[in-house]
>>> print(open('run.pdb').read())   # PDB, C-alpha atoms and all ligand atoms
MODEL        1
ATOM      1  CA  MET B 101     125.181 119.179 132.149
ATOM      2  CA  LEU B 102     122.312 119.477 129.755
ATOM      3  CA  LYS B 103     118.587 119.685 130.431
ATOM      4  CA  THR B 104     115.684 120.494 128.195
ATOM      5  CA  GLN B 105     112.130 121.712 128.246
ATOM      6  CA  VAL B 106     109.608 122.410 125.522
ATOM      7  CA  TYR B 107     107.834 125.756 125.305
ATOM      8  CA  GLU B 108     105.207 126.261 122.569
ATOM      9  CA  GLY B 109     106.945 123.624 120.419
ATOM     10  CA  VAL B 110     110.390 125.166 120.913
ATOM     11  CA  THR B 111     112.935 122.944 122.672
ATOM     12  CA  GLN B 112     115.029 124.908 125.107
ATOM     13  CA  ILE B 113     118.414 123.251 125.620
ATOM     14  CA  MET B 114     119.998 124.499 128.849
ATOM     15  CA  MET B 115     123.700 123.759 129.183
ATOM     16  CA  GLY B 116     126.405 124.467 131.694
ATOM     17  CA  ARG B 117     129.789 123.198 132.812
ATOM     18  CA  GLU B 118     129.367 120.927 135.814
ATOM     19  CA  VAL B 119     132.067 120.695 138.455
ATOM     20  CA  GLU B 120     131.423 118.346 141.399
ATOM     21  CA  GLY B 121     127.686 118.493 140.853
ATOM     22  CA  THR B 122     127.473 122.253 140.521
ATOM     23  CA  VAL B 123     126.765 124.089 137.303
ATOM     24  CA  TYR B 124     128.552 127.441 137.207
ATOM     25  CA  TYR B 125     126.248 129.102 134.740
ATOM     26  CA  TRP B 126     123.438 127.940 132.484
ATOM     27  CA  THR B 127     123.224 129.076 128.905
ATOM     28  CA  SER B 128     120.404 128.192 126.518
ATOM     29  CA  ALA B 129     120.232 127.139 122.908
ATOM     30  CA  TYR B 130     116.892 126.591 121.194
ATOM     31  CA  LEU B 131     115.770 124.007 118.652
ATOM     32  CA  VAL B 132     112.697 124.368 116.488
ATOM     33  CA  GLU B 133     111.846 122.397 113.344
ATOM     34  CA  GLY B 134     115.499 121.539 112.621
ATOM     35  CA  LEU B 135     116.767 125.064 113.314
ATOM     36  CA  LEU B 136     119.254 125.285 116.177
ATOM     37  CA  VAL B 137     119.885 128.742 117.628
ATOM     38  CA  ASP B 138     123.323 128.865 119.284
ATOM     39  CA  SER B 139     125.473 125.937 120.363
ATOM     40  CA  GLY B 140     126.485 126.558 123.994
ATOM     41  CA  CYS B 141     130.036 126.453 125.292
ATOM     42  CA  SER B 142     132.926 124.101 124.526
ATOM     43  CA  TYR B 143     132.520 122.132 127.789
ATOM     44  CA  THR B 144     129.018 120.992 126.795
ATOM     45  CA  ALA B 145     129.666 120.453 123.066
ATOM     46  CA  GLU B 146     129.785 116.633 123.290
ATOM     47  CA  GLU B 147     126.635 116.436 125.374
ATOM     48  CA  LEU B 148     124.870 118.737 122.945
ATOM     49  CA  VAL B 149     125.882 116.642 119.936
ATOM     50  CA  GLY B 150     124.740 113.512 121.804
ATOM     51  CA  PHE B 151     121.340 115.118 122.335
ATOM     52  CA  LEU B 152     121.105 116.399 118.754
ATOM     53  CA  ARG B 153     121.862 112.943 117.298
ATOM     54  CA  ARG B 154     118.371 111.921 118.388
ATOM     55  CA  ARG B 155     116.830 115.008 116.753
ATOM     56  CA  ARG B 156     116.777 116.533 113.305
ATOM     57  CA  VAL B 157     119.115 119.494 112.857
ATOM     58  CA  ASP B 158     119.641 121.030 109.457
ATOM     59  CA  ARG B 159     120.493 124.638 110.303
ATOM     60  CA  LEU B 160     122.565 126.298 113.021
ATOM     61  CA  VAL B 161     122.408 130.054 113.546
ATOM     62  CA  ASN B 162     124.682 131.808 116.053
ATOM     63  CA  THR B 163     123.245 134.975 117.584
ATOM     64  CA  HIS B 164     126.817 136.287 118.043
ATOM     65  CA  HIS B 165     130.400 135.082 118.362
ATOM     66  CA  HIS B 166     130.760 134.845 122.179
ATOM     67  CA  GLU B 167     132.256 131.627 123.519
ATOM     68  CA  ASP B 168     129.034 130.495 125.222
ATOM     69  CA  HIS B 169     127.143 130.632 121.889
ATOM     70  CA  VAL B 170     129.542 129.006 119.404
ATOM     71  CA  GLY B 171     131.248 126.380 121.572
ATOM     72  CA  GLY B 172     129.490 123.448 119.872
ATOM     73  CA  ASN B 173     129.873 124.697 116.282
ATOM     74  CA  ALA B 174     133.007 122.764 115.299
ATOM     75  CA  LEU B 175     131.786 119.449 116.728
ATOM     76  CA  ILE B 176     128.304 119.863 115.222
ATOM     77  CA  LYS B 177     129.901 120.454 111.824
ATOM     78  CA  ARG B 178     132.187 117.436 112.206
ATOM     79  CA  GLU B 179     129.655 114.988 113.643
ATOM     80  CA  LEU B 180     126.377 116.157 112.116
ATOM     81  CA  GLY B 181     127.574 117.964 108.999
ATOM     82  CA  VAL B 182     125.797 121.215 109.886
ATOM     83  CA  GLY B 183     127.819 124.429 109.662
ATOM     84  CA  GLY B 184     127.069 127.658 111.475
ATOM     85  CA  LEU B 185     125.344 130.696 109.978
ATOM     86  CA  ALA B 186     126.174 134.058 111.526
ATOM     87  CA  HIS B 187     126.355 137.808 111.080
ATOM     88  CA  ALA B 188     129.077 138.845 108.596
ATOM     89  CA  LYS B 189     130.963 140.540 111.447
ATOM     90  CA  ALA B 190     130.913 137.323 113.487
ATOM     91  CA  ILE B 191     132.472 135.096 110.840
ATOM     92  CA  PRO B 192     136.146 136.142 111.285
ATOM     93  CA  LEU B 193     135.690 136.032 115.073
ATOM     94  CA  ILE B 194     134.204 132.517 115.081
ATOM     95  CA  LYS B 195     137.158 131.201 113.117
ATOM     96  CA  SER B 196     139.717 132.847 115.436
ATOM     97  CA  ARG B 197     140.944 131.809 118.834
ATOM     98  CA  LEU B 198     140.074 134.931 120.767
ATOM     99  CA  PRO B 199     141.589 135.698 124.165
ATOM    100  CA  LEU B 200     139.304 135.012 127.122
ATOM    101  CA  HIS B 201     139.187 136.416 130.631
ATOM    102  CA  SER B 202     140.050 133.811 133.261
ATOM    103  CA  TYR B 203     136.418 133.553 134.457
ATOM    104  CA  GLN B 204     135.316 132.892 130.851
ATOM    105  CA  GLU B 205     137.933 130.168 130.481
ATOM    106  CA  LEU B 206     136.715 128.577 133.709
ATOM    107  CA  VAL B 207     132.990 128.765 132.960
ATOM    108  CA  TRP B 208     132.846 128.297 129.167
ATOM    109  CA  GLY B 209     136.309 127.482 127.841
ATOM    110  CA  TYR B 210     137.824 128.247 124.464
ATOM    111  CA  PRO B 211     135.535 127.357 121.577
ATOM    112  CA  GLU B 212     137.179 125.345 118.841
ATOM    113  CA  PRO B 213     137.506 127.753 115.881
ATOM    114  CA  SER B 214     135.071 126.983 113.086
ATOM    115  CA  GLN B 215     133.979 128.286 109.730
ATOM    116  CA  ALA B 216     130.592 130.016 109.647
ATOM    117  CA  ARG B 217     128.768 131.363 106.603
ATOM    118  CA  PRO B 218     126.717 134.559 106.310
ATOM    119  CA  VAL B 219     123.163 134.133 107.564
ATOM    120  CA  PRO B 220     120.439 134.886 104.994
ATOM    121  CA  GLU B 221     117.808 137.543 105.743
ATOM    122  CA  ILE B 222     115.035 134.957 106.030
ATOM    123  CA  ILE B 223     115.200 131.427 107.425
ATOM    124  CA  GLU B 224     112.315 129.138 106.615
ATOM    125  CA  THR B 225     111.534 125.951 108.481
ATOM    126  CA  LYS B 226     108.571 123.581 107.970
ATOM    127  CA  SER B 227     105.986 125.988 109.356
ATOM    128  CA  CYS B 228     107.957 129.082 110.387
ATOM    129  CA  CYS B 229     109.527 131.992 108.591
ATOM    130  CA  PHE B 230     112.179 133.716 110.693
ATOM    131  CA  GLN B 231     113.355 137.227 109.935
ATOM    132  CA  VAL B 232     116.982 137.887 110.809
ATOM    133  CA  LEU B 233     117.341 141.210 112.645
ATOM    134  CA  ASP B 234     120.535 143.171 113.101
ATOM    135  CA  THR B 235     120.595 143.905 116.849
ATOM    136  CA  PRO B 236     124.013 145.315 117.841
ATOM    137  CA  GLY B 237     124.833 146.557 121.328
ATOM    138  CA  HIS B 238     125.720 143.490 123.381
ATOM    139  CA  SER B 239     128.268 142.923 120.598
ATOM    140  CA  PRO B 240     128.575 144.515 117.140
ATOM    141  CA  ASP B 241     127.771 141.172 115.443
ATOM    142  CA  HIS B 242     124.590 140.402 117.387
ATOM    143  CA  LEU B 243     121.466 139.248 115.587
ATOM    144  CA  ALA B 244     118.009 138.094 116.640
ATOM    145  CA  LEU B 245     115.501 135.823 114.905
ATOM    146  CA  PHE B 246     111.865 136.862 114.765
ATOM    147  CA  GLU B 247     108.894 134.756 113.677
ATOM    148  CA  PRO B 248     105.961 137.148 113.061
ATOM    149  CA  GLU B 249     103.123 134.591 113.005
ATOM    150  CA  ARG B 250     103.978 133.242 116.431
ATOM    151  CA  GLY B 251     105.581 136.362 117.881
ATOM    152  CA  TRP B 252     108.700 134.407 118.836
ATOM    153  CA  CYS B 253     112.010 136.182 119.121
ATOM    154  CA  PHE B 254     115.282 134.378 119.797
ATOM    155  CA  CYS B 255     117.178 137.338 121.178
ATOM    156  CA  GLY B 256     120.499 135.847 122.351
ATOM    157  CA  ASP B 257     122.120 138.144 124.906
ATOM    158  CA  LEU B 258     120.335 141.316 123.785
ATOM    159  CA  PHE B 259     117.881 141.106 126.678
ATOM    160  CA  VAL B 260     118.562 139.732 130.150
ATOM    161  CA  SER B 261     115.920 141.111 132.535
ATOM    162  CA  GLU B 262     113.772 144.158 133.273
ATOM    163  CA  ASP B 263     116.175 145.421 135.918
ATOM    164  CA  GLN B 264     119.596 144.417 134.620
ATOM    165  CA  LYS B 265     122.182 146.575 136.412
ATOM    166  CA  THR B 266     125.565 145.413 135.176
ATOM    167  CA  LEU B 267     127.198 145.984 131.826
ATOM    168  CA  ARG B 268     130.061 144.205 130.069
ATOM    169  CA  ALA B 269     133.014 146.505 129.484
ATOM    170  CA  ASP B 270     132.677 146.106 125.709
ATOM    171  CA  GLU B 271     128.892 146.461 125.526
ATOM    172  CA  ASP B 272     127.254 149.596 124.157
ATOM    173  CA  ILE B 273     124.210 150.438 126.265
ATOM    174  CA  PHE B 274     122.940 152.942 123.691
ATOM    175  CA  GLY B 275     123.196 150.297 120.971
ATOM    176  CA  ILE B 276     121.374 147.816 123.220
ATOM    177  CA  ALA B 277     118.583 150.333 123.849
ATOM    178  CA  ALA B 278     118.256 151.078 120.107
ATOM    179  CA  SER B 279     118.090 147.353 119.280
ATOM    180  CA  LEU B 280     115.471 146.801 121.986
ATOM    181  CA  ARG B 281     113.375 149.646 120.581
ATOM    182  CA  ARG B 282     113.608 147.862 117.253
ATOM    183  CA  LEU B 283     112.021 144.806 118.901
ATOM    184  CA  LEU B 284     109.171 146.996 120.170
ATOM    185  CA  GLU B 285     108.503 148.160 116.609
ATOM    186  CA  LEU B 286     108.046 144.601 115.325
ATOM    187  CA  PRO B 287     104.549 143.852 113.991
ATOM    188  CA  GLY B 288     101.960 141.962 116.012
ATOM    189  CA  GLU B 289     100.804 142.144 119.597
ATOM    190  CA  ARG B 290     102.733 139.162 120.767
ATOM    191  CA  LEU B 291     106.454 139.114 121.501
ATOM    192  CA  VAL B 292     107.832 136.060 123.276
ATOM    193  CA  LEU B 293     111.500 136.516 124.107
ATOM    194  CA  PHE B 294     113.688 133.412 124.258
ATOM    195  CA  THR B 295     116.877 134.600 125.964
ATOM    196  CA  ALA B 296     120.255 132.893 125.999
ATOM    197  CA  ILE B 297     120.463 133.344 129.741
ATOM    198  CA  GLY B 298     117.500 130.969 129.865
ATOM    199  CA  ARG B 299     114.484 133.034 130.851
ATOM    200  CA  ILE B 300     111.580 133.001 128.437
ATOM    201  CA  PHE B 301     109.459 136.169 128.588
ATOM    202  CA  PRO B 302     105.916 135.483 127.279
ATOM    203  CA  GLU B 303     105.159 139.201 127.697
ATOM    204  CA  GLY B 304     108.321 140.371 125.962
ATOM    205  CA  ARG B 305     106.998 143.807 125.020
ATOM    206  CA  SER B 306     106.200 144.829 128.565
ATOM    207  CA  ALA B 307     109.514 143.403 129.821
ATOM    208  CA  VAL B 308     111.475 145.392 127.215
ATOM    209  CA  ARG B 309     109.455 148.558 127.944
ATOM    210  CA  ALA B 310     110.097 148.146 131.665
ATOM    211  CA  TYR B 311     113.834 147.795 131.055
ATOM    212  CA  LEU B 312     113.989 150.819 128.752
ATOM    213  CA  ASP B 313     112.054 152.885 131.335
ATOM    214  CA  HIS B 314     114.450 151.685 134.036
ATOM    215  CA  LEU B 315     117.424 152.726 131.884
ATOM    216  CA  ALA B 316     115.958 156.159 131.095
ATOM    217  CA  ARG B 317     115.294 156.825 134.803
ATOM    218  CA  LEU B 318     118.771 155.631 135.645
ATOM    219  CA  GLN B 319     120.392 157.840 133.032
ATOM    220  CA  ALA B 320     118.468 160.897 134.314
ATOM    221  CA  ARG B 321     119.657 160.182 137.875
ATOM    222  CA  VAL B 322     123.257 159.584 136.722
ATOM    223  CA  GLN B 323     123.238 162.878 134.822
ATOM    224  CA  GLU B 324     121.825 164.723 137.847
ATOM    225  CA  LEU B 325     124.636 163.442 140.075
ATOM    226  CA  LYS B 326     127.253 164.089 137.416
ATOM    227  CA  GLU B 327     126.169 167.736 137.285
ATOM    228  CA  LYS B 328     126.651 167.924 141.040
ATOM    229  CA  GLY B 329     130.262 166.855 140.504
ATOM    230  CA  PHE B 330     129.982 163.193 141.575
ATOM    231  CA  SER B 331     132.636 160.777 140.242
ATOM    232  CA  PRO B 332     131.481 157.562 138.459
ATOM    233  CA  GLU B 333     132.241 155.542 141.633
ATOM    234  CA  ALA B 334     130.364 158.022 143.831
ATOM    235  CA  ILE B 335     127.359 157.916 141.459
ATOM    236  CA  ARG B 336     127.353 154.111 141.622
ATOM    237  CA  ASP B 337     127.490 154.120 145.417
ATOM    238  CA  GLU B 338     124.830 156.816 145.735
ATOM    239  CA  ILE B 339     122.359 154.927 143.503
ATOM    240  CA  PHE B 340     123.217 151.269 144.159
ATOM    241  CA  GLN B 341     125.067 151.468 147.501
ATOM    242  CA  ARG B 342     127.662 148.957 146.340
ATOM    243  CA  GLU B 343     129.192 147.280 143.308
ATOM    244  CA  SER B 344     127.653 144.042 142.020
ATOM    245  CA  ARG B 345     129.257 140.764 143.128
ATOM    246  CA  LEU B 346     129.622 139.999 139.449
ATOM    247  CA  ALA B 347     132.319 142.667 139.206
ATOM    248  CA  GLU B 348     134.495 140.751 141.633
ATOM    249  CA  LEU B 349     133.811 137.390 139.976
ATOM    250  CA  THR B 350     134.626 138.719 136.498
ATOM    251  CA  GLY B 351     137.531 140.992 137.386
ATOM    252  CA  GLY B 352     135.413 144.029 136.487
ATOM    253  CA  HIS B 353     134.416 142.738 133.043
ATOM    254  CA  PHE B 354     130.789 142.987 134.167
ATOM    255  CA  SER B 355     130.024 145.841 136.556
ATOM    256  CA  ILE B 356     127.582 148.531 137.563
ATOM    257  CA  LEU B 357     130.415 150.999 137.117
ATOM    258  CA  ASN B 358     130.620 150.154 133.392
ATOM    259  CA  LEU B 359     126.931 151.039 133.073
ATOM    260  CA  VAL B 360     127.246 154.256 135.094
ATOM    261  CA  ARG B 361     130.238 155.409 133.039
ATOM    262  CA  GLN B 362     128.347 154.983 129.774
ATOM    263  CA  LEU B 363     125.205 156.674 131.094
ATOM    264  CA  MET B 364     127.309 159.723 132.033
ATOM    265  CA  ASP B 365     127.572 160.510 128.316
ATOM    266  CA  ASP B 366     125.101 163.396 127.958
ATOM    267  CA  THR B 367     125.328 163.433 124.148
ATOM    268  CA  ARG B 368     123.361 160.160 123.865
ATOM    269  CA  GLN B 369     120.008 158.983 125.202
ATOM    270  CA  VAL B 370     119.015 155.423 126.015
TER     271      VAL B 370
HETATM  272 ZN    ZN D 401     127.259 137.302 124.632
ENDMDL
END
>>> encode(input="run.pdb", output="structure tokens", more="lines below")
Ligand SMILES: [Zn+2]
Amino acid sequence: MLKTQVYEGVTQIMMGREVEGTVYYWTSAYLVEGLLVDSGCSYTAEELVGFLRRRRVDRLVNTHHHEDHVGGNALIKRELGVGGLAHAKAIPLIKSRLPLHSYQELVWGYPEPSQARPVPEIIETKSCCFQVLDTPGHSPDHLALFEPERGWCFCGDLFVSEDQKTLRADEDIFGIAASLRRLLELPGERLVLFTAIGRIFPEGRSAVRAYLDHLARLQARVQELKEKGFSPEAIRDEIFQRESRLAELTGGHFSILNLVRQLMDDTRQV
């Protein structure tokens, strides 16, 4: 299923696999002045291309190589002649068939491997000039696009919400925090975050600050309990009472425990 809305001239394209009328999970791509940011998952690739045929698309940038961000790349290249641009570290991953967890296969499916090229440092459209920012943490190949005049930031999966509690097993929470601090250092008052999970944060700076404060408080509490001899599981249960439902749904790929374990590292600060 695909649905769209326009926010400040940016078209948000929300996509998700539909089974018997239910969409498992929505993921968002964005289109502005011919620049497409991300291409959704493989299950929605045909719908996306159908939508894009009625629009102008001359550039595609992938924020990172995950299957819910590059799933339309191969079909877009074949049908519309537009190849993907990505972080140098993403290129070999986008052209490989990477193993997926069973929940990922169910929700997003295997993306058809495709050839991406290195993204330039600046991407200009008719009236915008996007800076490409290296923002590792969610994945080592993650990038964000920032338009200083408008204060827009297409931040992929770098930011989810002010109180995000779960972490992917392969995410680096310290890298995420460092990349988010980089967003706070961007020039201008305004920072509108366009996330891949679909939420648009008009007050991006305060949302990022709130999340970083939440993480710092959480790390202090985790450290306190660690010093008292609590195990990672006991720390999780003391602070959150129970594991997130997401842990069960993803076989532990996303969990609170992943976050607690990383925050127990007292040599690093979020
Ligand atoms: Zn991702």
>>> resolve_selection(input="run.pdb", expression="the PyMOL selection byres (((chain B and resi 177-191) around 9) and not hetatm)", output="NGL selection string")
:B and (138 or 149 or 152-153 or 157-165 or 170 or 172-176 or 192-196 or 214-220 or 234 or 240-243)
>>> closest_residue(input="run.pdb", among="B:Gln112, B:Ser261, B:Thr144, B:Thr127", to="ligand ZN 401 (chain D)", atoms="only C-alpha atoms and all ligand atoms")
B:Thr127
>>> resolve_selection(input="run.pdb", expression="the PyMOL selection byres (((chain B and resi 108) around 10) and not hetatm)", output="list of chain:residue names")
B:Val106, B:Tyr107, B:Gly109, B:Val110, B:Thr111, B:Val132, B:Arg250, B:Trp252
>>> atom_distance(input="run.pdb", atom1="atom CA of B:Tyr311", atom2="atom CA of B:Ser331")
24.6 Å
>>> closest_atom_pairs(input="run.pdb", of="chain B", to="ligand ZN 401 (chain D)", cutoff="8 Å", atoms="all atoms listed in the file", output="tab-separated table")
residue	atom	partner	partner_atom	distance
B:His164	CA	D:ZN401	ZN	6.7
B:His165	CA	D:ZN401	ZN	7.4
B:His166	CA	D:ZN401	ZN	4.9
B:Glu167	CA	D:ZN401	ZN	7.6
B:Asp168	CA	D:ZN401	ZN	7.1
B:His169	CA	D:ZN401	ZN	7.2
B:His238	CA	D:ZN401	ZN	6.5
B:Ser239	CA	D:ZN401	ZN	7.0
B:Gly256	CA	D:ZN401	ZN	7.3
B:Asp257	CA	D:ZN401	ZN	5.2
>>> write_last_selection(input="run.pdb", atoms="C-alpha atoms", output="mmCIF file, in the coordinates of the input")
data_model
loop_
_atom_site.group_PDB
_atom_site.id
_atom_site.type_symbol
_atom_site.label_atom_id
_atom_site.label_comp_id
_atom_site.auth_asym_id
_atom_site.auth_seq_id
_atom_site.Cartn_x
_atom_site.Cartn_y
_atom_site.Cartn_z
ATOM 1 C CA HIS B 164 126.817 136.287 118.043
ATOM 2 C CA HIS B 165 130.400 135.082 118.362
ATOM 3 C CA HIS B 166 130.760 134.845 122.179
ATOM 4 C CA GLU B 167 132.256 131.627 123.519
ATOM 5 C CA ASP B 168 129.034 130.495 125.222
ATOM 6 C CA HIS B 169 127.143 130.632 121.889
ATOM 7 C CA HIS B 238 125.720 143.490 123.381
ATOM 8 C CA SER B 239 128.268 142.923 120.598
ATOM 9 C CA GLY B 256 120.499 135.847 122.351
ATOM 10 C CA ASP B 257 122.120 138.144 124.906
#
>>> closest_residue(input="run.pdb", among="B:Arg299, B:Lys265, B:His353, B:Arg305", to="B:Ile339", atoms="only C-alpha atoms")
B:Lys265
>>> residues_around(input="run.pdb", residues="B:Ile273", least_positions_apart="4", cutoff="9 Å", atoms="all atoms listed in the file", output="compact mmCIF listing (two decimals) with C-alpha atoms, in the coordinates of the input")
# COMPACT_ATOMS: atom_id res chain seq x y z
CA GLY B 237 124.83 146.56 121.33
CA HIS B 238 125.72 143.49 123.38
CA LEU B 267 127.20 145.98 131.83
CA ALA B 277 118.58 150.33 123.85
CA ALA B 278 118.26 151.08 120.11
CA LEU B 359 126.93 151.04 133.07
CA GLN B 362 128.35 154.98 129.77
CA LEU B 363 125.20 156.67 131.09
CA VAL B 370 119.02 155.42 126.02
>>> closest_residue(input="run.pdb", among="B:Leu258, B:Ile276, B:Ile297, B:Leu198", to="B:Met115", atoms="only C-alpha atoms")
B:Ile297
>>> residues_near_point(input="run.pdb", point="(120.6, 127.4, 132.3)", cutoff="10 Å", atoms="only C-alpha atoms", output="number ranges by chain")
B: 101-104, 112-116, 123-129, 296-299
>>> atom_distance(input="run.pdb", atom1="atom CA of B:Pro302", atom2="atom CA of B:Val260")
13.6 Å
>>> axis_aligned_box(input="run.pdb", around="stretch 210-229 of chain B", padding_each_side="8 Å", output="JSON")
{"center_x": 121.9, "center_y": 130.6, "center_z": 114.7, "size_x": 47.8, "size_y": 30.0, "size_z": 35.5}
>>> residues_around(input="run.pdb", residues="B:Gln231", least_positions_apart="4", cutoff="6 Å", atoms="all atoms listed in the file", output="PyMOL selection string")
chain B and resi 222+245-246
>>> write_last_selection(input="run.pdb", atoms="C-alpha atoms", output="CSV table (one decimal), in the frame of the given file")
chain,number,residue,atom,x,y,z
B,222,ILE,CA,115.0,135.0,106.0
B,245,LEU,CA,115.5,135.8,114.9
B,246,PHE,CA,111.9,136.9,114.8
>>> atom_distance(input="run.pdb", atom1="atom CA of B:Gly140", atom2="atom CA of B:Glu221")
23.0 Å
>>> resolve_selection(input="run.pdb", expression="the PyMOL selection byres (((chain B and resi 208) around 7) and not hetatm)", output="list of chain:residue names")
B:Arg117, B:Cys141, B:Ser142, B:Tyr143, B:Glu167, B:Asp168, B:Gln204, B:Glu205, B:Leu206, B:Val207, B:Gly209, B:Tyr210
>>> residues_around(input="run.pdb", residues="B:Phe294", least_positions_apart="4", cutoff="7 Å", atoms="all atoms listed in the file", output="number ranges by chain")
B: 253-255, 299-301
>>> write_last_selection(input="run.pdb", atoms="C-alpha atoms", output="short mmCIF file (atom, residue, chain, number, x, y, z; two decimals), in the frame of the given file")
data_model
loop_
_atom_site.label_atom_id
_atom_site.label_comp_id
_atom_site.auth_asym_id
_atom_site.auth_seq_id
_atom_site.Cartn_x
_atom_site.Cartn_y
_atom_site.Cartn_z
CA CYS B 253 112.01 136.18 119.12
CA PHE B 254 115.28 134.38 119.80
CA CYS B 255 117.18 137.34 121.18
CA ARG B 299 114.48 133.03 130.85
CA ILE B 300 111.58 133.00 128.44
CA PHE B 301 109.46 136.17 128.59
#
>>> residues_around(input="run.pdb", residues="stretch 284-290 of chain B", least_positions_apart="3", cutoff="7 Å", atoms="all atoms listed in the file", output="list in words")
Pro248, Gly251, Leu280, Arg281 and Arg305 of chain B
>>> write_last_selection(input="run.pdb", atoms="C-alpha atoms", output="CSV table (one decimal), in the coordinates of the input")
chain,number,residue,atom,x,y,z
B,248,PRO,CA,106.0,137.1,113.1
B,251,GLY,CA,105.6,136.4,117.9
B,280,LEU,CA,115.5,146.8,122.0
B,281,ARG,CA,113.4,149.6,120.6
B,305,ARG,CA,107.0,143.8,125.0
>>> closest_residue(input="run.pdb", among="B:Leu349, B:Ala145, B:Glu249, B:Val292", to="B:Pro211", atoms="only C-alpha atoms")
B:Ala145
>>> residues_around(input="run.pdb", residues="B:Val360", least_positions_apart="3", cutoff="12 Å", atoms="only C-alpha atoms", output="PyMOL selection string")
chain B and resi 265-269+272-273+315+318-323+325-326+330-340+343+354-357+363-366
>>> build_atoms(input="run.pdb", residues="stretch 167-172 of chain B", atoms="all heavy atoms", output="PDB file, in the frame of the given file")
ATOM      1  N   GLU B 167     131.845 133.021 123.318  1.00  0.00           N
ATOM      2  CA  GLU B 167     132.256 131.627 123.519  1.00  0.00           C
ATOM      3  C   GLU B 167     131.155 130.724 124.080  1.00  0.00           C
ATOM      4  O   GLU B 167     131.233 129.509 123.937  1.00  0.00           O
ATOM      5  CB  GLU B 167     133.497 131.573 124.439  1.00  0.00           C
ATOM      6  CG  GLU B 167     133.289 132.058 125.867  1.00  0.00           C
ATOM      7  CD  GLU B 167     133.187 133.576 125.995  1.00  0.00           C
ATOM      8  OE1 GLU B 167     133.467 134.284 125.010  1.00  0.00           O
ATOM      9  OE2 GLU B 167     132.815 134.050 127.075  1.00  0.00           O
ATOM     10  N   ASP B 168     130.130 131.315 124.695  1.00  0.00           N
ATOM     11  CA  ASP B 168     129.034 130.495 125.222  1.00  0.00           C
ATOM     12  C   ASP B 168     127.908 130.334 124.191  1.00  0.00           C
ATOM     13  O   ASP B 168     126.831 129.828 124.518  1.00  0.00           O
ATOM     14  CB  ASP B 168     128.483 131.073 126.541  1.00  0.00           C
ATOM     15  CG  ASP B 168     128.235 132.568 126.489  1.00  0.00           C
ATOM     16  OD1 ASP B 168     128.919 133.276 125.724  1.00  0.00           O
ATOM     17  OD2 ASP B 168     127.357 133.052 127.225  1.00  0.00           O
ATOM     18  N   HIS B 169     128.152 130.738 122.952  1.00  0.00           N
ATOM     19  CA  HIS B 169     127.143 130.632 121.889  1.00  0.00           C
ATOM     20  C   HIS B 169     127.645 129.840 120.688  1.00  0.00           C
ATOM     21  O   HIS B 169     126.837 129.404 119.871  1.00  0.00           O
ATOM     22  CB  HIS B 169     126.714 132.038 121.432  1.00  0.00           C
ATOM     23  CG  HIS B 169     126.084 132.821 122.535  1.00  0.00           C
ATOM     24  ND1 HIS B 169     124.724 132.953 122.676  1.00  0.00           N
ATOM     25  CD2 HIS B 169     126.642 133.461 123.597  1.00  0.00           C
ATOM     26  CE1 HIS B 169     124.464 133.662 123.767  1.00  0.00           C
ATOM     27  NE2 HIS B 169     125.611 133.973 124.347  1.00  0.00           N
ATOM     28  N   VAL B 170     128.968 129.682 120.587  1.00  0.00           N
ATOM     29  CA  VAL B 170     129.542 129.006 119.404  1.00  0.00           C
ATOM     30  C   VAL B 170     130.396 127.789 119.790  1.00  0.00           C
ATOM     31  O   VAL B 170     131.041 127.193 118.931  1.00  0.00           O
ATOM     32  CB  VAL B 170     130.399 129.983 118.554  1.00  0.00           C
ATOM     33  CG1 VAL B 170     129.579 131.190 118.132  1.00  0.00           C
ATOM     34  CG2 VAL B 170     131.653 130.442 119.303  1.00  0.00           C
ATOM     35  N   GLY B 171     130.349 127.422 121.073  1.00  0.00           N
ATOM     36  CA  GLY B 171     131.248 126.380 121.572  1.00  0.00           C
ATOM     37  C   GLY B 171     130.991 125.004 120.991  1.00  0.00           C
ATOM     38  O   GLY B 171     131.876 124.144 121.010  1.00  0.00           O
ATOM     39  N   GLY B 172     129.794 124.761 120.455  1.00  0.00           N
ATOM     40  CA  GLY B 172     129.490 123.448 119.872  1.00  0.00           C
ATOM     41  C   GLY B 172     129.620 123.442 118.356  1.00  0.00           C
ATOM     42  O   GLY B 172     129.480 122.388 117.720  1.00  0.00           O
TER      43      GLY B 172
END
